[in-house]
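Shown here: input.pdb, PDB, N, CA and C atoms and all ligand atoms.
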```
ATOM      1  N   MET A   1     -12.987 -22.648  12.599  1.00  0.00           N
ATOM      2  CA  MET A   1     -12.364 -21.335  12.351  1.00  0.00           C
ATOM      3  C   MET A   1     -11.355 -21.469  11.214  1.00  0.00           C
ATOM      4  N   GLU A   2     -11.498 -20.612  10.240  1.00  0.00           N
ATOM      5  CA  GLU A   2     -10.583 -20.653   9.099  1.00  0.00           C
ATOM      6  C   GLU A   2      -9.503 -19.588   9.276  1.00  0.00           C
ATOM      7  N   CYS A   3      -8.309 -19.896   8.841  1.00  0.00           N
ATOM      8  CA  CYS A   3      -7.210 -18.939   8.925  1.00  0.00           C
ATOM      9  C   CYS A   3      -7.441 -17.801   7.942  1.00  0.00           C
ATOM     10  N   SER A   4      -7.383 -16.573   8.448  1.00  0.00           N
ATOM     11  CA  SER A   4      -7.572 -15.406   7.586  1.00  0.00           C
ATOM     12  C   SER A   4      -6.241 -14.872   7.059  1.00  0.00           C
ATOM     13  N   LYS A   5      -5.165 -15.602   7.367  1.00  0.00           N
ATOM     14  CA  LYS A   5      -3.814 -15.207   6.932  1.00  0.00           C
ATOM     15  C   LYS A   5      -3.463 -13.822   7.447  1.00  0.00           C
ATOM     16  N   CYS A   6      -3.800 -13.602   8.695  1.00  0.00           N
ATOM     17  CA  CYS A   6      -3.599 -12.279   9.293  1.00  0.00           C
ATOM     18  C   CYS A   6      -2.151 -12.044   9.720  1.00  0.00           C
ATOM     19  N   GLY A   7      -1.373 -13.123   9.851  1.00  0.00           N
ATOM     20  CA  GLY A   7       0.050 -12.986  10.164  1.00  0.00           C
ATOM     21  C   GLY A   7       0.406 -12.942  11.639  1.00  0.00           C
ATOM     22  N   ALA A   8      -0.557 -12.810  12.505  1.00  0.00           N
ATOM     23  CA  ALA A   8      -0.256 -12.599  13.928  1.00  0.00           C
ATOM     24  C   ALA A   8       0.517 -13.756  14.556  1.00  0.00           C
ATOM     25  N   CYS A   9       0.207 -14.989  14.162  1.00  0.00           N
ATOM     26  CA  CYS A   9       0.883 -16.130  14.800  1.00  0.00           C
ATOM     27  C   CYS A   9       2.307 -16.303  14.274  1.00  0.00           C
ATOM     28  N   CYS A  10       2.703 -15.522  13.274  1.00  0.00           N
ATOM     29  CA  CYS A  10       4.083 -15.531  12.790  1.00  0.00           C
ATOM     30  C   CYS A  10       4.869 -14.350  13.363  1.00  0.00           C
ATOM     31  N   VAL A  11       4.218 -13.596  14.244  1.00  0.00           N
ATOM     32  CA  VAL A  11       4.871 -12.440  14.862  1.00  0.00           C
ATOM     33  C   VAL A  11       4.839 -12.543  16.387  1.00  0.00           C
ATOM     34  N   ALA A  12       3.677 -12.829  16.933  1.00  0.00           N
ATOM     35  CA  ALA A  12       3.513 -12.731  18.393  1.00  0.00           C
ATOM     36  C   ALA A  12       4.282 -13.778  19.198  1.00  0.00           C
ATOM     37  N   PRO A  13       4.120 -15.055  18.935  1.00  0.00           N
ATOM     38  CA  PRO A  13       4.754 -16.044  19.829  1.00  0.00           C
ATOM     39  C   PRO A  13       6.254 -16.176  19.600  1.00  0.00           C
ATOM     40  N   ASP A  14       6.956 -16.632  20.628  1.00  0.00           N
ATOM     41  CA  ASP A  14       8.353 -16.989  20.405  1.00  0.00           C
ATOM     42  C   ASP A  14       8.362 -18.396  19.806  1.00  0.00           C
ATOM     43  N   ILE A  15       9.221 -18.595  18.827  1.00  0.00           N
ATOM     44  CA  ILE A  15       9.300 -19.890  18.136  1.00  0.00           C
ATOM     45  C   ILE A  15      10.752 -20.337  18.226  1.00  0.00           C
ATOM     46  N   SER A  16      11.004 -21.233  19.173  1.00  0.00           N
ATOM     47  CA  SER A  16      12.396 -21.578  19.482  1.00  0.00           C
ATOM     48  C   SER A  16      13.100 -22.230  18.299  1.00  0.00           C
ATOM     49  N   SER A  17      12.397 -23.056  17.529  1.00  0.00           N
ATOM     50  CA  SER A  17      13.071 -23.731  16.420  1.00  0.00           C
ATOM     51  C   SER A  17      13.495 -22.748  15.332  1.00  0.00           C
ATOM     52  N   LEU A  18      12.898 -21.568  15.329  1.00  0.00           N
ATOM     53  CA  LEU A  18      13.292 -20.524  14.378  1.00  0.00           C
ATOM     54  C   LEU A  18      14.119 -19.440  15.069  1.00  0.00           C
ATOM     55  N   ARG A  19      14.349 -19.626  16.349  1.00  0.00           N
ATOM     56  CA  ARG A  19      15.030 -18.637  17.185  1.00  0.00           C
ATOM     57  C   ARG A  19      14.383 -17.262  17.031  1.00  0.00           C
ATOM     58  N   LYS A  20      13.065 -17.309  16.991  1.00  0.00           N
ATOM     59  CA  LYS A  20      12.298 -16.075  16.833  1.00  0.00           C
ATOM     60  C   LYS A  20      11.797 -15.597  18.186  1.00  0.00           C
ATOM     61  N   PRO A  21      12.224 -14.414  18.613  1.00  0.00           N
ATOM     62  CA  PRO A  21      11.778 -13.918  19.918  1.00  0.00           C
ATOM     63  C   PRO A  21      10.306 -13.497  19.902  1.00  0.00           C
ATOM     64  N   LEU A  22       9.777 -13.433  21.076  1.00  0.00           N
ATOM     65  CA  LEU A  22       8.407 -12.974  21.301  1.00  0.00           C
ATOM     66  C   LEU A  22       8.186 -11.609  20.642  1.00  0.00           C
ATOM     67  N   GLY A  23       7.102 -11.488  19.909  1.00  0.00           N
ATOM     68  CA  GLY A  23       6.709 -10.179  19.398  1.00  0.00           C
ATOM     69  C   GLY A  23       7.480  -9.677  18.196  1.00  0.00           C
ATOM     70  N   GLU A  24       8.387 -10.494  17.679  1.00  0.00           N
ATOM     71  CA  GLU A  24       9.150 -10.051  16.488  1.00  0.00           C
ATOM     72  C   GLU A  24       8.714 -10.838  15.260  1.00  0.00           C
ATOM     73  N   ARG A  25       8.707 -10.174  14.144  1.00  0.00           N
ATOM     74  CA  ARG A  25       8.331 -10.830  12.890  1.00  0.00           C
ATOM     75  C   ARG A  25       9.263 -11.993  12.598  1.00  0.00           C
ATOM     76  N   CYS A  26       8.700 -13.116  12.196  1.00  0.00           N
ATOM     77  CA  CYS A  26       9.533 -14.206  11.698  1.00  0.00           C
ATOM     78  C   CYS A  26      10.233 -13.692  10.443  1.00  0.00           C
ATOM     79  N   PRO A  27      11.529 -13.977  10.307  1.00  0.00           N
ATOM     80  CA  PRO A  27      12.245 -13.484   9.124  1.00  0.00           C
ATOM     81  C   PRO A  27      11.695 -14.045   7.817  1.00  0.00           C
ATOM     82  N   HIS A  28      10.904 -15.109   7.905  1.00  0.00           N
ATOM     83  CA  HIS A  28      10.333 -15.708   6.693  1.00  0.00           C
ATOM     84  C   HIS A  28       8.969 -15.129   6.339  1.00  0.00           C
ATOM     85  N   LEU A  29       8.474 -14.238   7.174  1.00  0.00           N
ATOM     86  CA  LEU A  29       7.158 -13.655   6.906  1.00  0.00           C
ATOM     87  C   LEU A  29       7.309 -12.521   5.897  1.00  0.00           C
ATOM     88  N   LYS A  30       6.618 -12.674   4.783  1.00  0.00           N
ATOM     89  CA  LYS A  30       6.737 -11.679   3.713  1.00  0.00           C
ATOM     90  C   LYS A  30       5.916 -10.432   4.056  1.00  0.00           C
ATOM     91  N   ASP A  31       6.112  -9.400   3.277  1.00  0.00           N
ATOM     92  CA  ASP A  31       5.380  -8.153   3.505  1.00  0.00           C
ATOM     93  C   ASP A  31       3.867  -8.334   3.409  1.00  0.00           C
ATOM     94  N   ASP A  32       3.447  -9.341   2.642  1.00  0.00           N
ATOM     95  CA  ASP A  32       2.001  -9.590   2.514  1.00  0.00           C
ATOM     96  C   ASP A  32       1.487 -10.516   3.622  1.00  0.00           C
ATOM     97  N   ASN A  33       2.345 -10.759   4.626  1.00  0.00           N
ATOM     98  CA  ASN A  33       2.010 -11.593   5.784  1.00  0.00           C
ATOM     99  C   ASN A  33       1.814 -13.065   5.435  1.00  0.00           C
ATOM    100  N   LEU A  34       2.386 -13.479   4.330  1.00  0.00           N
ATOM    101  CA  LEU A  34       2.390 -14.905   3.996  1.00  0.00           C
ATOM    102  C   LEU A  34       3.809 -15.435   4.191  1.00  0.00           C
ATOM    103  N   CYS A  35       3.898 -16.763   4.344  1.00  0.00           N
ATOM    104  CA  CYS A  35       5.182 -17.392   4.639  1.00  0.00           C
ATOM    105  C   CYS A  35       5.993 -17.626   3.364  1.00  0.00           C
ATOM    106  N   ALA A  36       7.241 -17.182   3.385  1.00  0.00           N
ATOM    107  CA  ALA A  36       8.111 -17.325   2.211  1.00  0.00           C
ATOM    108  C   ALA A  36       8.619 -18.757   2.048  1.00  0.00           C
ATOM    109  N   ILE A  37       8.554 -19.549   3.111  1.00  0.00           N
ATOM    110  CA  ILE A  37       9.061 -20.930   3.038  1.00  0.00           C
ATOM    111  C   ILE A  37       7.931 -21.918   3.354  1.00  0.00           C
ATOM    112  N   TYR A  38       6.739 -21.567   2.945  1.00  0.00           N
ATOM    113  CA  TYR A  38       5.544 -22.330   3.347  1.00  0.00           C
ATOM    114  C   TYR A  38       5.700 -23.836   3.151  1.00  0.00           C
ATOM    115  N   ASP A  39       6.196 -24.252   1.999  1.00  0.00           N
ATOM    116  CA  ASP A  39       6.313 -25.692   1.728  1.00  0.00           C
ATOM    117  C   ASP A  39       7.383 -26.357   2.587  1.00  0.00           C
ATOM    118  N   ASP A  40       8.303 -25.578   3.099  1.00  0.00           N
ATOM    119  CA  ASP A  40       9.403 -26.114   3.917  1.00  0.00           C
ATOM    120  C   ASP A  40       9.379 -25.586   5.344  1.00  0.00           C
ATOM    121  N   ARG A  41       8.249 -25.042   5.769  1.00  0.00           N
ATOM    122  CA  ARG A  41       8.179 -24.462   7.119  1.00  0.00           C
ATOM    123  C   ARG A  41       8.351 -25.554   8.170  1.00  0.00           C
ATOM    124  N   PRO A  42       8.869 -25.169   9.339  1.00  0.00           N
ATOM    125  CA  PRO A  42       9.129 -26.174  10.365  1.00  0.00           C
ATOM    126  C   PRO A  42       7.853 -26.804  10.921  1.00  0.00           C
ATOM    127  N   ALA A  43       8.053 -27.922  11.604  1.00  0.00           N
ATOM    128  CA  ALA A  43       6.929 -28.705  12.122  1.00  0.00           C
ATOM    129  C   ALA A  43       6.024 -27.878  13.029  1.00  0.00           C
ATOM    130  N   VAL A  44       6.623 -27.008  13.817  1.00  0.00           N
ATOM    131  CA  VAL A  44       5.818 -26.218  14.748  1.00  0.00           C
ATOM    132  C   VAL A  44       4.816 -25.348  13.982  1.00  0.00           C
ATOM    133  N   CYS A  45       5.216 -24.869  12.827  1.00  0.00           N
ATOM    134  CA  CYS A  45       4.312 -24.059  12.001  1.00  0.00           C
ATOM    135  C   CYS A  45       3.278 -24.949  11.312  1.00  0.00           C
ATOM    136  N   ARG A  46       3.695 -26.116  10.891  1.00  0.00           N
ATOM    137  CA  ARG A  46       2.779 -27.054  10.233  1.00  0.00           C
ATOM    138  C   ARG A  46       1.663 -27.483  11.158  1.00  0.00           C
ATOM    139  N   SER A  47       2.000 -27.649  12.409  1.00  0.00           N
ATOM    140  CA  SER A  47       1.003 -28.181  13.336  1.00  0.00           C
ATOM    141  C   SER A  47       0.101 -27.090  13.911  1.00  0.00           C
ATOM    142  N   TYR A  48       0.413 -25.840  13.614  1.00  0.00           N
ATOM    143  CA  TYR A  48      -0.399 -24.744  14.145  1.00  0.00           C
ATOM    144  C   TYR A  48      -1.669 -24.601  13.323  1.00  0.00           C
ATOM    145  N   ALA A  49      -2.791 -24.608  13.998  1.00  0.00           N
ATOM    146  CA  ALA A  49      -4.064 -24.484  13.281  1.00  0.00           C
ATOM    147  C   ALA A  49      -4.866 -23.315  13.840  1.00  0.00           C
ATOM    148  N   ALA A  50      -5.637 -22.712  12.978  1.00  0.00           N
ATOM    149  CA  ALA A  50      -6.495 -21.609  13.412  1.00  0.00           C
ATOM    150  C   ALA A  50      -7.504 -22.120  14.437  1.00  0.00           C
ATOM    151  N   ASP A  51      -7.744 -21.317  15.454  1.00  0.00           N
ATOM    152  CA  ASP A  51      -8.707 -21.711  16.482  1.00  0.00           C
ATOM    153  C   ASP A  51      -9.380 -20.463  17.060  1.00  0.00           C
ATOM    154  N   TRP A  52      -9.962 -20.581  18.233  1.00  0.00           N
ATOM    155  CA  TRP A  52     -10.682 -19.478  18.873  1.00  0.00           C
ATOM    156  C   TRP A  52      -9.825 -18.226  19.012  1.00  0.00           C
ATOM    157  N   LEU A  53      -8.525 -18.433  19.169  1.00  0.00           N
ATOM    158  CA  LEU A  53      -7.619 -17.314  19.411  1.00  0.00           C
ATOM    159  C   LEU A  53      -7.629 -16.324  18.244  1.00  0.00           C
ATOM    160  N   CYS A  54      -7.709 -16.859  17.042  1.00  0.00           N
ATOM    161  CA  CYS A  54      -7.665 -15.999  15.845  1.00  0.00           C
ATOM    162  C   CYS A  54      -8.794 -14.978  15.872  1.00  0.00           C
ATOM    163  N   GLU A  55      -9.961 -15.423  16.307  1.00  0.00           N
ATOM    164  CA  GLU A  55     -11.101 -14.517  16.384  1.00  0.00           C
ATOM    165  C   GLU A  55     -10.933 -13.540  17.550  1.00  0.00           C
ATOM    166  N   ARG A  56     -10.439 -14.068  18.622  1.00  0.00           N
ATOM    167  CA  ARG A  56     -10.257 -13.269  19.846  1.00  0.00           C
ATOM    168  C   ARG A  56      -9.287 -12.110  19.628  1.00  0.00           C
ATOM    169  N   ILE A  57      -8.254 -12.316  18.826  1.00  0.00           N
ATOM    170  CA  ILE A  57      -7.235 -11.274  18.643  1.00  0.00           C
ATOM    171  C   ILE A  57      -7.523 -10.383  17.439  1.00  0.00           C
ATOM    172  N   SER A  58      -8.596 -10.677  16.760  1.00  0.00           N
ATOM    173  CA  SER A  58      -8.924  -9.973  15.522  1.00  0.00           C
ATOM    174  C   SER A  58      -8.928  -8.450  15.700  1.00  0.00           C
ATOM    175  N   ALA A  59      -8.298  -7.756  14.778  1.00  0.00           N
ATOM    176  CA  ALA A  59      -8.195  -6.283  14.816  1.00  0.00           C
ATOM    177  C   ALA A  59      -7.747  -5.823  13.439  1.00  0.00           C
ATOM    178  N   PRO A  60      -7.941  -4.522  13.140  1.00  0.00           N
ATOM    179  CA  PRO A  60      -7.626  -4.031  11.793  1.00  0.00           C
ATOM    180  C   PRO A  60      -6.146  -4.103  11.417  1.00  0.00           C
ATOM    181  N   THR A  61      -5.257  -3.926  12.357  1.00  0.00           N
ATOM    182  CA  THR A  61      -3.838  -3.907  11.995  1.00  0.00           C
ATOM    183  C   THR A  61      -3.091  -5.067  12.641  1.00  0.00           C
ATOM    184  N   LEU A  62      -1.981  -5.434  12.032  1.00  0.00           N
ATOM    185  CA  LEU A  62      -1.152  -6.515  12.564  1.00  0.00           C
ATOM    186  C   LEU A  62      -0.609  -6.140  13.946  1.00  0.00           C
ATOM    187  N   THR A  63      -0.228  -4.892  14.105  1.00  0.00           N
ATOM    188  CA  THR A  63       0.285  -4.439  15.405  1.00  0.00           C
ATOM    189  C   THR A  63      -0.746  -4.674  16.501  1.00  0.00           C
ATOM    190  N   GLU A  64      -1.985  -4.338  16.211  1.00  0.00           N
ATOM    191  CA  GLU A  64      -3.047  -4.545  17.213  1.00  0.00           C
ATOM    192  C   GLU A  64      -3.299  -6.027  17.449  1.00  0.00           C
ATOM    193  N   ARG A  65      -3.251  -6.824  16.399  1.00  0.00           N
ATOM    194  CA  ARG A  65      -3.489  -8.270  16.558  1.00  0.00           C
ATOM    195  C   ARG A  65      -2.396  -8.904  17.411  1.00  0.00           C
ATOM    196  N   VAL A  66      -1.165  -8.472  17.174  1.00  0.00           N
ATOM    197  CA  VAL A  66      -0.050  -9.000  17.963  1.00  0.00           C
ATOM    198  C   VAL A  66      -0.202  -8.580  19.420  1.00  0.00           C
ATOM    199  N   ARG A  67      -0.578  -7.324  19.631  1.00  0.00           N
ATOM    200  CA  ARG A  67      -0.773  -6.842  21.004  1.00  0.00           C
ATOM    201  C   ARG A  67      -1.871  -7.665  21.689  1.00  0.00           C
ATOM    202  N   ASN A  68      -2.950  -7.913  20.967  1.00  0.00           N
ATOM    203  CA  ASN A  68      -4.060  -8.692  21.531  1.00  0.00           C
ATOM    204  C   ASN A  68      -3.621 -10.122  21.851  1.00  0.00           C
ATOM    205  N   TYR A  69      -2.852 -10.695  20.951  1.00  0.00           N
ATOM    206  CA  TYR A  69      -2.351 -12.066  21.144  1.00  0.00           C
ATOM    207  C   TYR A  69      -1.536 -12.146  22.432  1.00  0.00           C
ATOM    208  N   LEU A  70      -0.605 -11.210  22.571  1.00  0.00           N
ATOM    209  CA  LEU A  70       0.276 -11.217  23.746  1.00  0.00           C
ATOM    210  C   LEU A  70      -0.532 -10.978  25.020  1.00  0.00           C
ATOM    211  N   ALA A  71      -1.566 -10.136  24.908  1.00  0.00           N
ATOM    212  CA  ALA A  71      -2.381  -9.831  26.087  1.00  0.00           C
ATOM    213  C   ALA A  71      -3.163 -11.051  26.547  1.00  0.00           C
ATOM    214  N   VAL A  72      -3.629 -11.859  25.596  1.00  0.00           N
ATOM    215  CA  VAL A  72      -4.388 -13.067  25.953  1.00  0.00           C
ATOM    216  C   VAL A  72      -3.539 -13.961  26.865  1.00  0.00           C
ATOM    217  N   PHE A  73      -2.245 -14.031  26.554  1.00  0.00           N
ATOM    218  CA  PHE A  73      -1.352 -14.892  27.341  1.00  0.00           C
ATOM    219  C   PHE A  73      -0.591 -14.100  28.405  1.00  0.00           C
ATOM    220  N   GLN A  74      -1.002 -12.847  28.587  1.00  0.00           N
ATOM    221  CA  GLN A  74      -0.380 -11.967  29.588  1.00  0.00           C
ATOM    222  C   GLN A  74       1.139 -11.907  29.426  1.00  0.00           C
ATOM    223  N   LEU A  75       1.541 -11.747  28.166  1.00  0.00           N
ATOM    224  CA  LEU A  75       2.977 -11.688  27.855  1.00  0.00           C
ATOM    225  C   LEU A  75       3.394 -10.235  27.604  1.00  0.00           C
TER
HETATM  226  S1  LIG B 101      -3.381 -15.866  13.927  1.00  0.00           S
HETATM  227 FE1  LIG B 101      -4.914 -17.313  13.164  1.00  0.00          FE
HETATM  228  S2  LIG B 101      -5.925 -16.265  11.458  1.00  0.00           S
HETATM  229 FE2  LIG B 101      -3.988 -15.208  11.858  1.00  0.00          FE
HETATM  230  S3  LIG B 101      -2.519 -16.185  10.457  1.00  0.00           S
HETATM  231 FE3  LIG B 101      -2.378 -17.248  12.440  1.00  0.00          FE
HETATM  232  S4  LIG B 101      -3.776 -18.995  12.261  1.00  0.00           S
HETATM  233 FE4  LIG B 101      -4.284 -17.557  10.623  1.00  0.00          FE
HETATM  234  S1  LIG B 102       8.287 -20.060   9.092  1.00  0.00           S
HETATM  235 FE1  LIG B 102       6.540 -19.276   7.977  1.00  0.00          FE
HETATM  236  S2  LIG B 102       4.736 -20.123   9.030  1.00  0.00           S
HETATM  237 FE2  LIG B 102       6.501 -20.311  10.404  1.00  0.00          FE
HETATM  238  S3  LIG B 102       6.451 -18.471  11.696  1.00  0.00           S
HETATM  239 FE3  LIG B 102       7.803 -18.062   9.932  1.00  0.00          FE
HETATM  240  S4  LIG B 102       6.481 -17.080   8.418  1.00  0.00           S
HETATM  241 FE4  LIG B 102       5.172 -18.095   9.918  1.00  0.00          FE
END
```
Could you write out this file's structure as structure tokens?
Amino acid sequence: MECSKCGACCVAPDISSLRKPLGERCPHLKDDNLCAIYDDRPAVCRSYAADWLCERISAPTLTERVRNYLAVFQL
């Protein structure tokens, strides 16, 4: 599975090292849904790889993708 740069994994999960709450946009996520600090992103982001989940949450809008992501984990 290749990353489609959909942005959902930078919005849906809580990321403690970034103090990013569940369901909120990472402050480093640009309007085009790409990472503004990509070369210096934290380890948790570096180790995240696209997998089955990306396809499972696929939807036309970021809001829907985030909702789908949270629903998969019943969050
Ligand atoms: S949810 Fe998956 S496809 Fe979307 S940006 Fe993250 S890794 Fe890429
Ligand atoms: S630091 Fe970059 S890769 Fe990590 S969650 Fe924020 S926008 Fe996404």
For this session: Let me know the residues the PyMOL selection byres (((not hetatm)) within 8 of (chain B and resi 101)) catches in the file above, as a ChimeraX atom specification.
Result: /A:1-11,33,48-55,57-58,65
Which residues of chain A have any atom within 5 Å of an atom in ligand LIG 102 (chain B) when counting only N, CA and C atoms and all ligand atoms, and what is the closest pair of atoms for each, with the distance in Å to one decimal? Order the rows by chain and rising number and write it as a Markdown table.
```
| residue | atom | partner | partner_atom | distance |
| --- | --- | --- | --- | --- |
| A:Cys10 | CA | B:LIG102 | S3 | 3.9 |
| A:Cys26 | CA | B:LIG102 | FE3 | 4.6 |
| A:His28 | C | B:LIG102 | S4 | 3.8 |
| A:Leu29 | N | B:LIG102 | S4 | 3.7 |
| A:Cys35 | CA | B:LIG102 | S4 | 4.0 |
| A:Arg41 | CA | B:LIG102 | S1 | 4.8 |
| A:Cys45 | CA | B:LIG102 | FE2 | 4.6 |
```
Please determine an axis-aligned box that encloses all atoms of stretch 4-13 of chain A listed in the file, with 6 Å added on each side, and express its centre and edge lengths in Å to one decimal as JSON.
```
{"center_x": -0.7, "center_y": -14.3, "center_z": 13.4, "size_x": 25.8, "size_y": 16.5, "size_z": 24.9}
```
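The gap separating atom C of A:Pro42 from atom C of A:Ile15 is 10.2 Å, in Å to one decimal.
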Exercise. Got a sec to tell me which of chain A DSSP assigns to strand (DSSP E or B), as number ranges by chain?
Worked result: A: 15, 20, 29, 35
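Going from atom N of A:Gly23 to atom N of A:Ala36 covers 17.5 Å.
Atom C of A:Leu62 sits 8.5 Å away from atom N of A:Ala12.
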Exercise. Would you give me, as a count of residues only, the residues in chain A that DSSP reads as helix (DSSP H, G or I)?
Worked result: 29
Exercise. Skipping near chain neighbours, those fewer than 5 positions away, what residues fall within 9 Å of A:Arg56 using only C-alpha atoms, listed as an NGL selection string?
Worked result: :A and (68-69 or 72)
